[in-house]
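Below is coords-v4.pdb, holding PDB, C-alpha atoms.
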ATOM      1  CA  MET A  81     -14.357  -6.972 -38.653
ATOM      2  CA  GLY A  82     -11.837  -8.333 -36.201
ATOM      3  CA  LEU A  83     -10.646 -11.723 -35.092
ATOM      4  CA  GLU A  84     -12.981 -11.594 -32.085
ATOM      5  CA  GLU A  85     -16.026 -11.874 -34.371
ATOM      6  CA  LYS A  86     -14.756 -15.089 -35.963
ATOM      7  CA  LEU A  87     -14.145 -16.874 -32.633
ATOM      8  CA  PRO A  88     -16.920 -18.743 -30.804
ATOM      9  CA  ALA A  89     -18.353 -17.198 -27.626
ATOM     10  CA  GLY A  90     -16.310 -17.442 -24.424
ATOM     11  CA  PHE A  91     -12.929 -16.383 -25.853
ATOM     12  CA  VAL A  92     -11.041 -13.334 -24.674
ATOM     13  CA  LEU A  93      -8.000 -12.050 -26.526
ATOM     14  CA  THR A  94      -5.325 -10.419 -24.385
ATOM     15  CA  THR A  95      -1.637 -10.595 -23.595
ATOM     16  CA  LEU A  96       0.122 -12.371 -20.771
ATOM     17  CA  GLU A  97       1.418  -9.011 -19.489
ATOM     18  CA  ASP A  98      -2.146  -7.666 -19.248
ATOM     19  CA  VAL A  99      -3.376 -10.718 -17.346
ATOM     20  CA  ALA A 100      -0.398 -10.677 -14.956
ATOM     21  CA  GLY A 101      -0.798  -6.930 -14.446
ATOM     22  CA  TYR A 102      -4.485  -7.336 -13.650
ATOM     23  CA  MET A 103      -3.797 -10.126 -11.150
ATOM     24  CA  ARG A 104      -0.998  -8.177  -9.472
ATOM     25  CA  LYS A 105      -2.941  -4.956  -9.107
ATOM     26  CA  ALA A 106      -5.934  -6.786  -7.641
ATOM     27  CA  SER A 107      -3.939  -8.576  -4.935
ATOM     28  CA  ILE A 108      -1.588  -6.021  -3.356
ATOM     29  CA  TRP A 109      -0.903  -6.436   0.350
ATOM     30  CA  PRO A 110       0.568  -3.328   1.995
ATOM     31  CA  ALA A 111       3.126  -3.527   4.778
ATOM     32  CA  THR A 112       2.194  -1.922   8.095
ATOM     33  CA  PHE A 113       4.699   0.916   8.168
ATOM     34  CA  GLY A 114       3.343   4.072   9.802
ATOM     35  CA  LEU A 115       5.953   6.479  11.138
ATOM     36  CA  ALA A 116       4.065   9.637  12.112
ATOM     37  CA  CYS A 117       0.756  11.487  11.810
ATOM     38  CA  CYS A 118       0.238  10.362   8.181
ATOM     39  CA  ALA A 119      -0.191   6.846   9.542
ATOM     40  CA  ILE A 120      -3.523   7.866  11.116
ATOM     41  CA  GLU A 121      -4.816   8.788   7.664
ATOM     42  CA  MET A 122      -3.436   5.520   6.278
ATOM     43  CA  MET A 123      -5.290   3.602   9.016
ATOM     44  CA  ALA A 124      -8.485   5.465   8.138
ATOM     45  CA  VAL A 125      -8.339   3.986   4.632
ATOM     46  CA  GLY A 126      -8.980   0.562   6.166
ATOM     47  CA  THR A 127     -12.215   1.674   7.847
ATOM     48  CA  PRO A 128     -15.669   1.130   6.286
ATOM     49  CA  ASP A 129     -15.855   4.808   5.282
ATOM     50  CA  TYR A 130     -13.125   4.343   2.665
ATOM     51  CA  ASP A 131     -12.998   0.540   2.399
ATOM     52  CA  ILE A 132      -9.631  -0.324   0.886
ATOM     53  CA  ALA A 133     -10.933  -3.905   0.635
ATOM     54  CA  ARG A 134     -12.578  -2.883  -2.658
ATOM     55  CA  PHE A 135      -9.097  -3.069  -4.168
ATOM     56  CA  GLY A 136      -8.117  -6.393  -2.569
ATOM     57  CA  MET A 137      -5.888  -4.619  -0.044
ATOM     58  CA  GLU A 138      -7.689  -5.203   3.235
ATOM     59  CA  ARG A 139      -4.844  -7.207   4.725
ATOM     60  CA  PHE A 140      -2.010  -5.042   5.987
ATOM     61  CA  ALA A 141       0.821  -7.551   6.314
ATOM     62  CA  ALA A 142       2.623  -7.615   9.645
ATOM     63  CA  THR A 143       5.663  -9.188   8.018
ATOM     64  CA  PRO A 144       7.483  -7.746   4.993
ATOM     65  CA  ARG A 145       7.821 -11.219   3.484
ATOM     66  CA  GLN A 146       4.071 -11.230   2.789
ATOM     67  CA  ALA A 147       3.802  -7.636   1.557
ATOM     68  CA  ASP A 148       4.422  -6.140  -1.854
ATOM     69  CA  LEU A 149       3.551  -2.479  -1.188
ATOM     70  CA  MET A 150       5.265  -0.237   1.344
ATOM     71  CA  ILE A 151       3.373   2.930   2.221
ATOM     72  CA  VAL A 152       5.942   5.131   3.980
ATOM     73  CA  ALA A 153       3.553   7.271   6.019
ATOM     74  CA  GLY A 154       5.337  10.083   7.826
ATOM     75  CA  ARG A 155       8.791  11.454   8.450
ATOM     76  CA  VAL A 156      11.785   9.120   8.348
ATOM     77  CA  SER A 157      14.460   9.840  10.944
ATOM     78  CA  GLN A 158      18.124   9.033  10.333
ATOM     79  CA  LYS A 159      17.822   6.366  13.022
ATOM     80  CA  MET A 160      14.847   4.761  11.263
ATOM     81  CA  ALA A 161      16.387   4.859   7.764
ATOM     82  CA  PRO A 162      18.281   1.536   8.045
ATOM     83  CA  VAL A 163      15.105  -0.144   9.292
ATOM     84  CA  VAL A 164      13.129   1.203   6.323
ATOM     85  CA  ARG A 165      15.760  -0.194   3.972
ATOM     86  CA  GLN A 166      15.838  -3.553   5.764
ATOM     87  CA  VAL A 167      12.057  -3.935   5.588
ATOM     88  CA  TYR A 168      12.143  -2.983   1.894
ATOM     89  CA  ASP A 169      14.895  -5.522   1.188
ATOM     90  CA  GLN A 170      12.893  -8.275   2.924
ATOM     91  CA  MET A 171       9.859  -7.707   0.696
ATOM     92  CA  PRO A 172       9.589 -10.127  -2.254
ATOM     93  CA  ASN A 173       9.747  -8.896  -5.839
ATOM     94  CA  PRO A 174       7.878  -7.293  -7.488
ATOM     95  CA  LYS A 175       7.396  -4.574  -4.863
ATOM     96  CA  TRP A 176       6.206  -0.993  -4.903
ATOM     97  CA  VAL A 177       6.528   2.074  -2.653
ATOM     98  CA  ILE A 178       4.194   5.006  -1.981
ATOM     99  CA  SER A 179       5.757   7.987  -0.228
ATOM    100  CA  MET A 180       2.816   9.344   1.777
ATOM    101  CA  GLY A 181       2.959  12.945   2.937
ATOM    102  CA  VAL A 182       5.363  15.796   2.416
ATOM    103  CA  CYS A 183       7.635  14.638   5.270
ATOM    104  CA  ALA A 184       8.252  11.254   3.645
ATOM    105  CA  SER A 185       8.635  12.804   0.194
ATOM    106  CA  SER A 186      10.967  15.703   0.992
ATOM    107  CA  GLY A 187      11.493  16.052   4.748
ATOM    108  CA  GLY A 188       8.628  18.544   4.973
ATOM    109  CA  MET A 189       8.987  21.228   7.626
ATOM    110  CA  PHE A 190      11.763  19.217   9.286
ATOM    111  CA  ASN A 191      14.739  20.591   7.365
ATOM    112  CA  ASN A 192      17.356  19.438   9.863
ATOM    113  CA  TYR A 193      20.021  16.826  10.487
ATOM    114  CA  ALA A 194      17.694  14.324  12.172
ATOM    115  CA  ILE A 195      15.197  13.750   9.338
ATOM    116  CA  VAL A 196      15.928  12.135   5.968
ATOM    117  CA  GLN A 197      15.113  14.712   3.287
ATOM    118  CA  GLY A 198      13.049  12.335   1.188
ATOM    119  CA  VAL A 199      12.652   8.590   1.523
ATOM    120  CA  ASP A 200      13.860   8.234  -2.078
ATOM    121  CA  HIS A 201      17.380   8.649  -0.670
ATOM    122  CA  ILE A 202      16.908   5.179   0.872
ATOM    123  CA  ILE A 203      14.513   3.233  -1.352
ATOM    124  CA  PRO A 204      13.038   3.739  -4.844
ATOM    125  CA  VAL A 205       9.607   5.410  -4.792
ATOM    126  CA  ASP A 206       6.838   4.736  -7.317
ATOM    127  CA  ILE A 207       4.212   7.273  -6.207
ATOM    128  CA  TYR A 208       4.707  10.534  -4.307
ATOM    129  CA  LEU A 209       1.628  11.631  -2.349
ATOM    130  CA  PRO A 210       1.750  15.286  -1.206
ATOM    131  CA  GLY A 211      -0.088  16.772   1.742
ATOM    132  CA  CYS A 212       0.324  17.361   5.452
ATOM    133  CA  PRO A 213      -1.289  15.000   6.178
ATOM    134  CA  PRO A 214      -2.887  13.756   2.958
ATOM    135  CA  ARG A 215      -6.534  12.817   3.245
ATOM    136  CA  PRO A 216      -7.573   9.146   2.899
ATOM    137  CA  GLU A 217      -9.176  10.005  -0.443
ATOM    138  CA  MET A 218      -5.778  11.174  -1.690
ATOM    139  CA  LEU A 219      -4.195   7.881  -0.620
ATOM    140  CA  LEU A 220      -6.916   5.969  -2.459
ATOM    141  CA  ASN A 221      -6.220   8.068  -5.554
ATOM    142  CA  SER A 222      -2.501   7.295  -5.353
ATOM    143  CA  ILE A 223      -3.308   3.597  -4.979
ATOM    144  CA  ILE A 224      -5.442   3.777  -8.136
ATOM    145  CA  GLU A 225      -2.542   5.499  -9.936
ATOM    146  CA  LEU A 226      -0.235   2.731  -8.729
ATOM    147  CA  HIS A 227      -2.718   0.170 -10.052
ATOM    148  CA  ASP A 228      -2.417   1.790 -13.486
ATOM    149  CA  GLN A 229       1.382   1.535 -13.292
ATOM    150  CA  ILE A 230       1.190  -2.119 -12.252
ATOM    151  CA  GLN A 231      -1.361  -2.958 -14.959
ATOM    152  CA  ASN A 232       0.917  -1.517 -17.645
ATOM    153  CA  SER A 233       4.227  -2.849 -16.296
ATOM    154  CA  LYS A 234       6.336  -5.139 -18.439
ATOM    155  CA  LEU A 235       7.409  -8.705 -17.689
ATOM    156  CA  GLY A 236      10.695 -10.556 -18.086
ATOM    157  CA  VAL A 237      13.280  -8.951 -20.344
ATOM    158  CA  ASN A 238      10.956  -5.999 -21.021
ATOM    159  CA  ARG A 239      10.720  -5.321 -17.255
ATOM    160  CA  ILE A 240      14.516  -5.376 -16.870
ATOM    161  CA  ALA A 241      14.933  -2.964 -19.788
ATOM    162  CA  ALA A 242      12.293  -0.626 -18.351
ATOM    163  CA  ALA A 243      13.990  -0.703 -14.927
ATOM    164  CA  ARG A 244      17.371   0.091 -16.486
ATOM    165  CA  ALA A 245      15.896   2.989 -18.452
ATOM    166  CA  ALA A 246      14.263   4.403 -15.308
ATOM    167  CA  GLU A 247      17.525   4.078 -13.368
ATOM    168  CA  ALA A 248      19.467   5.820 -16.148
ATOM    169  CA  ALA A 249      16.932   8.675 -16.192
ATOM    170  CA  ALA A 250      17.189   9.017 -12.401
ATOM    171  CA  LEU A 251      20.980   9.178 -12.569
ATOM    172  CA  LYS A 252      20.837  11.927 -15.215
ATOM    173  CA  ALA A 253      18.441  14.054 -13.147
ATOM    174  CA  THR A 254      19.830  17.115 -11.394
ATOM    175  CA  PRO A 255      20.076  16.632  -7.613
ATOM    176  CA  THR A 256      17.833  18.979  -5.649
ATOM    177  CA  SER A 257      20.871  20.401  -3.852
ATOM    178  CA  GLN A 258      22.186  21.667  -7.214
ATOM    179  CA  MET A 259      18.913  23.107  -8.516
ATOM    180  CA  ALA A 260      18.456  26.858  -8.804
ATOM    181  CA  PRO A 261      16.542  28.413  -5.882
ATOM    182  CA  THR A 262      12.876  29.096  -6.515
ATOM    183  CA  HIS A 263      12.727  32.183  -4.280
ATOM    184  CA  ASP A 264      14.959  34.577  -2.356
ATOM    185  CA  HIS A 265      15.016  34.022   1.406
ATOM    186  CA  PHE A 266      16.705  37.386   2.025
ATOM    187  CA  ALA A 267      14.354  39.617   0.013
ATOM    188  CA  HIS A 268      12.841  41.056   3.202
ATOM    189  CA  ILE A 269      16.287  42.159   4.452
ATOM    190  CA  GLU A 270      17.269  43.946   1.235
ATOM    191  CA  ALA A 271      13.893  45.632   0.781
ATOM    192  CA  PRO A 272      13.685  49.305   1.825
ATOM    193  CA  ALA A 273      11.777  50.045   5.013
ATOM    194  CA  GLY A 274       8.046  50.560   4.569
ATOM    195  CA  LYS A 275       7.805  48.754   1.220
ATOM    196  CA  ASN A 276       4.993  46.231   0.837
ATOM    197  CA  LEU A 277       6.620  42.938  -0.179
ATOM    198  CA  LEU A 278       3.314  41.498  -1.349
ATOM    199  CA  ALA A 279       2.662  44.246  -3.874
TER     200      ALA A 279
END

Please, can you express the file's structure as structure tokens?
Amino acid sequence: MGLEEKLPAGFVLTTLEDVAGYMRKASIWPATFGLACCAIEMMAVGTPDYDIARFGMERFAATPRQADLMIVAGRVSQKMAPVVRQVYDQMPNPKWVISMGVCASSGGMFNNYAIVQGVDHIIPVDIYLPGCPPRPEMLLNSIIELHDQIQNSKLGVNRIAAARAAEAAALKATPTSQMAPTHDHFAHIEAPAGKNLLA
């Protein structure tokens, strides 16, 4: 026996954060920001086969001042990095970022001086989408995950506290350059001749 049963019909009990989260997640406009082959898959999401309009996202904004989601689709070169940051800075708050594809997330197969080894070195990332290239269905799934984050995000002082806690956790994390290696690149050199390395 709750309060809802005592109220007349037509009342809905909720919080302001829930209503604002619902409105925000249902009206996201992505910025047009395709950098490489992942952009083709991002464009496919706008076609009738996948129909991103179901989520209120059919309008890819040509200007960052009218966008609140940046989908970084593809590798980011060192030359393009300042442009990525400038576009991100021109987007109004609140804003979100999806790193689409392994090249945007970690540099991918391009482990060299010309490619930024993860777009999170330039801008904060909310969702990492793996794949080379990720399928449109995977992008839709990451958008749905982002919707859940937006729906449950805090407002006002609570939002500032949550942002500070996330920043503190990121600063405490071990940089990837200092992490222990996951495998030995020179195992094939040290192995005796004729030994099966897969055994």

Given the point (5.9, 10.1, -10.6) in the file's coordinates, find the residues that have an atom at most 12 Å from it, counting all atoms listed in the file, and give them as a ChimeraX atom specification. /A:177-179,185,200,204-210,222,225-226,229,246,250

With distances taken over only C-alpha atoms, which residue among A:Met103, A:Leu96, A:Ile230, A:Val182 lies nearest Leu149 in chain A?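 Nearest to Leu149 in chain A: A:Ile230.
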
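Running the PyMOL selection byres ((chain A and resi 199) around 10) on this file leaves A:Val152, A:Gly154, A:Arg155, A:Val156, A:Ser157, A:Ala161, A:Val164, A:Arg165, A:Val177, A:Ile178, A:Ser179, A:Met180, A:Cys183, A:Ala184, A:Ser185, A:Ser186, A:Gly187, A:Ile195, A:Val196, A:Gln197, A:Gly198, A:Asp200, A:His201, A:Ile202, A:Ile203, A:Pro204, A:Val205 selected.
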
Counting all atoms listed in the file, what are the residues of range 145-256 of chain A within 6 Å of range 115-136 of chain A, and for each of them which pair of atoms is the nearest and at what distance in Å, to one decimal? Sort the table by chain and rising number, as a Markdown table.
| residue | atom | partner | partner_atom | distance |
| --- | --- | --- | --- | --- |
| A:Ala153 | CA | A:Cys118 | CA | 5.0 |
| A:Gly154 | CA | A:Ala116 | CA | 4.5 |
| A:Pro213 | CA | A:Cys118 | CA | 5.3 |
| A:Pro216 | CA | A:Val125 | CA | 5.5 |

Of the listed residues A:Ala249, A:Ala142, A:Asp148, A:Ile240, that which approaches Lys105 in chain A most closely, counting only C-alpha atoms: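 Looking at the shortest contact to Lys105 in chain A, the residue is A:Asp148.
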
Around (3.6, -6.6, -9.8) in the file's frame, which residues reach within 10 Å when counting all atoms listed in the file? Return as an mmCIF file with C-alpha atoms, keeping the file's coordinate frame?
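And here is the file that came out, result04.cif:
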data_model
loop_
_atom_site.group_PDB
_atom_site.id
_atom_site.type_symbol
_atom_site.label_atom_id
_atom_site.label_comp_id
_atom_site.auth_asym_id
_atom_site.auth_seq_id
_atom_site.Cartn_x
_atom_site.Cartn_y
_atom_site.Cartn_z
ATOM 1 C CA ALA A 100 -0.398 -10.677 -14.956
ATOM 2 C CA GLY A 101 -0.798 -6.930 -14.446
ATOM 3 C CA TYR A 102 -4.485 -7.336 -13.650
ATOM 4 C CA MET A 103 -3.797 -10.126 -11.150
ATOM 5 C CA ARG A 104 -0.998 -8.177 -9.472
ATOM 6 C CA LYS A 105 -2.941 -4.956 -9.107
ATOM 7 C CA ALA A 106 -5.934 -6.786 -7.641
ATOM 8 C CA SER A 107 -3.939 -8.576 -4.935
ATOM 9 C CA ILE A 108 -1.588 -6.021 -3.356
ATOM 10 C CA ASP A 148 4.422 -6.140 -1.854
ATOM 11 C CA LEU A 149 3.551 -2.479 -1.188
ATOM 12 C CA ASN A 173 9.747 -8.896 -5.839
ATOM 13 C CA PRO A 174 7.878 -7.293 -7.488
ATOM 14 C CA LYS A 175 7.396 -4.574 -4.863
ATOM 15 C CA TRP A 176 6.206 -0.993 -4.903
ATOM 16 C CA HIS A 227 -2.718 0.170 -10.052
ATOM 17 C CA GLN A 229 1.382 1.535 -13.292
ATOM 18 C CA ILE A 230 1.190 -2.119 -12.252
ATOM 19 C CA GLN A 231 -1.361 -2.958 -14.959
ATOM 20 C CA ASN A 232 0.917 -1.517 -17.645
ATOM 21 C CA SER A 233 4.227 -2.849 -16.296
ATOM 22 C CA LYS A 234 6.336 -5.139 -18.439
ATOM 23 C CA LEU A 235 7.409 -8.705 -17.689
#

Selected range 113-252 of chain A, written as a PDB file, in the first residue's frame, C-alpha atoms:
ATOM      1  CA  PHE A 113      33.021  13.486 -36.678  1.00  0.00           C
ATOM      2  CA  GLY A 114      34.165  10.538 -38.792  1.00  0.00           C
ATOM      3  CA  LEU A 115      37.920  10.128 -39.141  1.00  0.00           C
ATOM      4  CA  ALA A 116      38.454   6.763 -40.839  1.00  0.00           C
ATOM      5  CA  CYS A 117      36.784   3.497 -41.837  1.00  0.00           C
ATOM      6  CA  CYS A 118      34.695   3.359 -38.625  1.00  0.00           C
ATOM      7  CA  ALA A 119      32.836   6.394 -39.940  1.00  0.00           C
ATOM      8  CA  ILE A 120      31.245   4.233 -42.664  1.00  0.00           C
ATOM      9  CA  GLU A 121      29.721   2.038 -39.965  1.00  0.00           C
ATOM     10  CA  MET A 122      28.607   5.146 -38.068  1.00  0.00           C
ATOM     11  CA  MET A 123      26.911   6.445 -41.238  1.00  0.00           C
ATOM     12  CA  ALA A 124      25.167   3.093 -41.660  1.00  0.00           C
ATOM     13  CA  VAL A 125      23.441   3.611 -38.306  1.00  0.00           C
ATOM     14  CA  GLY A 126      21.517   6.503 -39.864  1.00  0.00           C
ATOM     15  CA  THR A 127      20.085   4.338 -42.654  1.00  0.00           C
ATOM     16  CA  PRO A 128      16.620   2.717 -42.464  1.00  0.00           C
ATOM     17  CA  ASP A 129      18.191  -0.680 -41.712  1.00  0.00           C
ATOM     18  CA  TYR A 130      19.306   0.481 -38.258  1.00  0.00           C
ATOM     19  CA  ASP A 131      17.248   3.665 -37.850  1.00  0.00           C
ATOM     20  CA  ILE A 132      18.969   5.727 -35.174  1.00  0.00           C
ATOM     21  CA  ALA A 133      15.916   8.016 -35.313  1.00  0.00           C
ATOM     22  CA  ARG A 134      14.218   5.596 -32.895  1.00  0.00           C
ATOM     23  CA  PHE A 135      16.401   7.148 -30.199  1.00  0.00           C
ATOM     24  CA  GLY A 136      15.821  10.780 -31.222  1.00  0.00           C
ATOM     25  CA  MET A 137      19.281  10.978 -32.797  1.00  0.00           C
ATOM     26  CA  GLU A 138      18.513  11.308 -36.490  1.00  0.00           C
ATOM     27  CA  ARG A 139      20.086  14.741 -36.762  1.00  0.00           C
ATOM     28  CA  PHE A 140      23.862  14.629 -36.952  1.00  0.00           C
ATOM     29  CA  ALA A 141      24.805  18.215 -36.133  1.00  0.00           C
ATOM     30  CA  ALA A 142      27.162  19.920 -38.559  1.00  0.00           C
ATOM     31  CA  THR A 143      28.206  22.386 -35.877  1.00  0.00           C
ATOM     32  CA  PRO A 144      29.532  21.404 -32.439  1.00  0.00           C
ATOM     33  CA  ARG A 145      27.453  24.138 -30.807  1.00  0.00           C
ATOM     34  CA  GLN A 146      24.304  22.119 -31.547  1.00  0.00           C
ATOM     35  CA  ALA A 147      25.696  18.700 -30.612  1.00  0.00           C
ATOM     36  CA  ASP A 148      25.997  16.987 -27.260  1.00  0.00           C
ATOM     37  CA  LEU A 149      27.513  13.640 -28.310  1.00  0.00           C
ATOM     38  CA  MET A 150      30.827  13.192 -30.097  1.00  0.00           C
ATOM     39  CA  ILE A 151      31.335   9.796 -31.706  1.00  0.00           C
ATOM     40  CA  VAL A 152      35.069   9.634 -32.457  1.00  0.00           C
ATOM     41  CA  ALA A 153      34.967   7.111 -35.298  1.00  0.00           C
ATOM     42  CA  GLY A 154      38.434   6.058 -36.402  1.00  0.00           C
ATOM     43  CA  ARG A 155      42.075   6.775 -35.746  1.00  0.00           C
ATOM     44  CA  VAL A 156      43.115  10.199 -34.474  1.00  0.00           C
ATOM     45  CA  SER A 157      46.369  11.518 -35.918  1.00  0.00           C
ATOM     46  CA  GLN A 158      48.620  13.883 -33.973  1.00  0.00           C
ATOM     47  CA  LYS A 159      47.715  16.571 -36.500  1.00  0.00           C
ATOM     48  CA  MET A 160      43.989  16.033 -35.918  1.00  0.00           C
ATOM     49  CA  ALA A 161      44.220  15.929 -32.103  1.00  0.00           C
ATOM     50  CA  PRO A 162      43.970  19.717 -31.563  1.00  0.00           C
ATOM     51  CA  VAL A 163      40.928  19.819 -33.844  1.00  0.00           C
ATOM     52  CA  VAL A 164      39.243  17.036 -31.858  1.00  0.00           C
ATOM     53  CA  ARG A 165      39.849  18.987 -28.660  1.00  0.00           C
ATOM     54  CA  GLN A 166      38.601  22.240 -30.194  1.00  0.00           C
ATOM     55  CA  VAL A 167      35.376  20.633 -31.416  1.00  0.00           C
ATOM     56  CA  TYR A 168      34.878  19.045 -27.982  1.00  0.00           C
ATOM     57  CA  ASP A 169      35.439  22.383 -26.232  1.00  0.00           C
ATOM     58  CA  GLN A 170      32.874  24.080 -28.501  1.00  0.00           C
ATOM     59  CA  MET A 171      30.151  21.587 -27.570  1.00  0.00           C
ATOM     60  CA  PRO A 172      27.749  22.811 -24.858  1.00  0.00           C
ATOM     61  CA  ASN A 173      27.492  21.050 -21.507  1.00  0.00           C
ATOM     62  CA  PRO A 174      26.419  18.404 -20.715  1.00  0.00           C
ATOM     63  CA  LYS A 175      28.300  16.482 -23.413  1.00  0.00           C
ATOM     64  CA  TRP A 176      29.314  12.883 -23.925  1.00  0.00           C
ATOM     65  CA  VAL A 177      31.906  10.985 -25.987  1.00  0.00           C
ATOM     66  CA  ILE A 178      31.878   7.520 -27.563  1.00  0.00           C
ATOM     67  CA  SER A 179      35.249   6.202 -28.704  1.00  0.00           C
ATOM     68  CA  MET A 180      34.275   4.051 -31.693  1.00  0.00           C
ATOM     69  CA  GLY A 181      36.698   1.373 -32.826  1.00  0.00           C
ATOM     70  CA  VAL A 182      39.989   0.069 -31.540  1.00  0.00           C
ATOM     71  CA  CYS A 183      41.976   2.816 -33.316  1.00  0.00           C
ATOM     72  CA  ALA A 184      40.130   5.588 -31.477  1.00  0.00           C
ATOM     73  CA  SER A 185      40.264   3.703 -28.177  1.00  0.00           C
ATOM     74  CA  SER A 186      43.911   2.622 -28.144  1.00  0.00           C
ATOM     75  CA  GLY A 187      45.619   3.441 -31.448  1.00  0.00           C
ATOM     76  CA  GLY A 188      44.802  -0.023 -32.792  1.00  0.00           C
ATOM     77  CA  MET A 189      47.332  -1.491 -35.204  1.00  0.00           C
ATOM     78  CA  PHE A 190      48.897   1.952 -35.659  1.00  0.00           C
ATOM     79  CA  ASN A 191      51.416   1.854 -32.816  1.00  0.00           C
ATOM     80  CA  ASN A 192      53.571   4.690 -34.134  1.00  0.00           C
ATOM     81  CA  TYR A 193      54.415   8.345 -33.649  1.00  0.00           C
ATOM     82  CA  ALA A 194      51.718   9.658 -35.999  1.00  0.00           C
ATOM     83  CA  ILE A 195      48.613   8.252 -34.272  1.00  0.00           C
ATOM     84  CA  VAL A 196      47.311   9.207 -30.824  1.00  0.00           C
ATOM     85  CA  GLN A 197      47.294   6.038 -28.713  1.00  0.00           C
ATOM     86  CA  GLY A 198      43.759   6.523 -27.455  1.00  0.00           C
ATOM     87  CA  VAL A 199      41.498   9.533 -27.800  1.00  0.00           C
ATOM     88  CA  ASP A 200      41.191   9.621 -23.998  1.00  0.00           C
ATOM     89  CA  HIS A 201      44.591  11.348 -24.017  1.00  0.00           C
ATOM     90  CA  ILE A 202      42.776  14.365 -25.519  1.00  0.00           C
ATOM     91  CA  ILE A 203      39.181  14.294 -24.280  1.00  0.00           C
ATOM     92  CA  PRO A 204      37.275  12.347 -21.597  1.00  0.00           C
ATOM     93  CA  VAL A 205      35.514   9.249 -22.964  1.00  0.00           C
ATOM     94  CA  ASP A 206      32.233   7.859 -21.622  1.00  0.00           C
ATOM     95  CA  ILE A 207      31.888   4.678 -23.700  1.00  0.00           C
ATOM     96  CA  TYR A 208      34.619   2.625 -25.380  1.00  0.00           C
ATOM     97  CA  LEU A 209      33.382   0.613 -28.370  1.00  0.00           C
ATOM     98  CA  PRO A 210      35.813  -2.125 -29.497  1.00  0.00           C
ATOM     99  CA  GLY A 211      36.051  -3.620 -32.959  1.00  0.00           C
ATOM    100  CA  CYS A 212      37.788  -3.070 -36.270  1.00  0.00           C
ATOM    101  CA  PRO A 213      35.446  -1.735 -37.468  1.00  0.00           C
ATOM    102  CA  PRO A 214      32.566  -2.219 -35.031  1.00  0.00           C
ATOM    103  CA  ARG A 215      29.278  -3.189 -36.618  1.00  0.00           C
ATOM    104  CA  PRO A 216      26.354  -0.715 -36.569  1.00  0.00           C
ATOM    105  CA  GLU A 217      24.585  -2.988 -34.084  1.00  0.00           C
ATOM    106  CA  MET A 218      27.521  -2.551 -31.705  1.00  0.00           C
ATOM    107  CA  LEU A 219      27.274   1.235 -32.014  1.00  0.00           C
ATOM    108  CA  LEU A 220      23.556   1.061 -31.254  1.00  0.00           C
ATOM    109  CA  ASN A 221      24.339  -1.046 -28.186  1.00  0.00           C
ATOM    110  CA  SER A 222      26.890   1.502 -26.975  1.00  0.00           C
ATOM    111  CA  ILE A 223      24.345   4.277 -27.508  1.00  0.00           C
ATOM    112  CA  ILE A 224      21.842   2.349 -25.371  1.00  0.00           C
ATOM    113  CA  GLU A 225      24.528   1.949 -22.679  1.00  0.00           C
ATOM    114  CA  LEU A 226      25.177   5.689 -22.864  1.00  0.00           C
ATOM    115  CA  HIS A 227      21.441   6.293 -22.476  1.00  0.00           C
ATOM    116  CA  ASP A 228      21.553   4.312 -19.224  1.00  0.00           C
ATOM    117  CA  GLN A 229      24.448   6.465 -17.993  1.00  0.00           C
ATOM    118  CA  ILE A 230      22.606   9.662 -18.919  1.00  0.00           C
ATOM    119  CA  GLN A 231      19.351   8.479 -17.322  1.00  0.00           C
ATOM    120  CA  ASN A 232      21.134   7.804 -14.030  1.00  0.00           C
ATOM    121  CA  SER A 233      23.396  10.875 -14.019  1.00  0.00           C
ATOM    122  CA  LYS A 234      23.167  13.359 -11.180  1.00  0.00           C
ATOM    123  CA  LEU A 235      22.278  17.048 -11.372  1.00  0.00           C
ATOM    124  CA  GLY A 236      23.725  20.146  -9.733  1.00  0.00           C
ATOM    125  CA  VAL A 237      25.964  19.583  -6.729  1.00  0.00           C
ATOM    126  CA  ASN A 238      25.558  15.801  -7.048  1.00  0.00           C
ATOM    127  CA  ARG A 239      26.852  15.966 -10.653  1.00  0.00           C
ATOM    128  CA  ILE A 240      29.910  17.994  -9.607  1.00  0.00           C
ATOM    129  CA  ALA A 241      30.698  15.525  -6.815  1.00  0.00           C
ATOM    130  CA  ALA A 242      30.330  12.576  -9.197  1.00  0.00           C
ATOM    131  CA  ALA A 243      32.625  14.261 -11.747  1.00  0.00           C
ATOM    132  CA  ARG A 244      35.251  14.932  -9.073  1.00  0.00           C
ATOM    133  CA  ALA A 245      35.102  11.327  -7.880  1.00  0.00           C
ATOM    134  CA  ALA A 246      35.520  10.039 -11.447  1.00  0.00           C
ATOM    135  CA  GLU A 247      38.470  12.378 -12.033  1.00  0.00           C
ATOM    136  CA  ALA A 248      40.127  11.261  -8.786  1.00  0.00           C
ATOM    137  CA  ALA A 249      39.688   7.598  -9.768  1.00  0.00           C
ATOM    138  CA  ALA A 250      41.192   8.296 -13.204  1.00  0.00           C
ATOM    139  CA  LEU A 251      44.202  10.015 -11.652  1.00  0.00           C
ATOM    140  CA  LYS A 252      44.815   7.046  -9.330  1.00  0.00           C
TER     141      LYS A 252
END
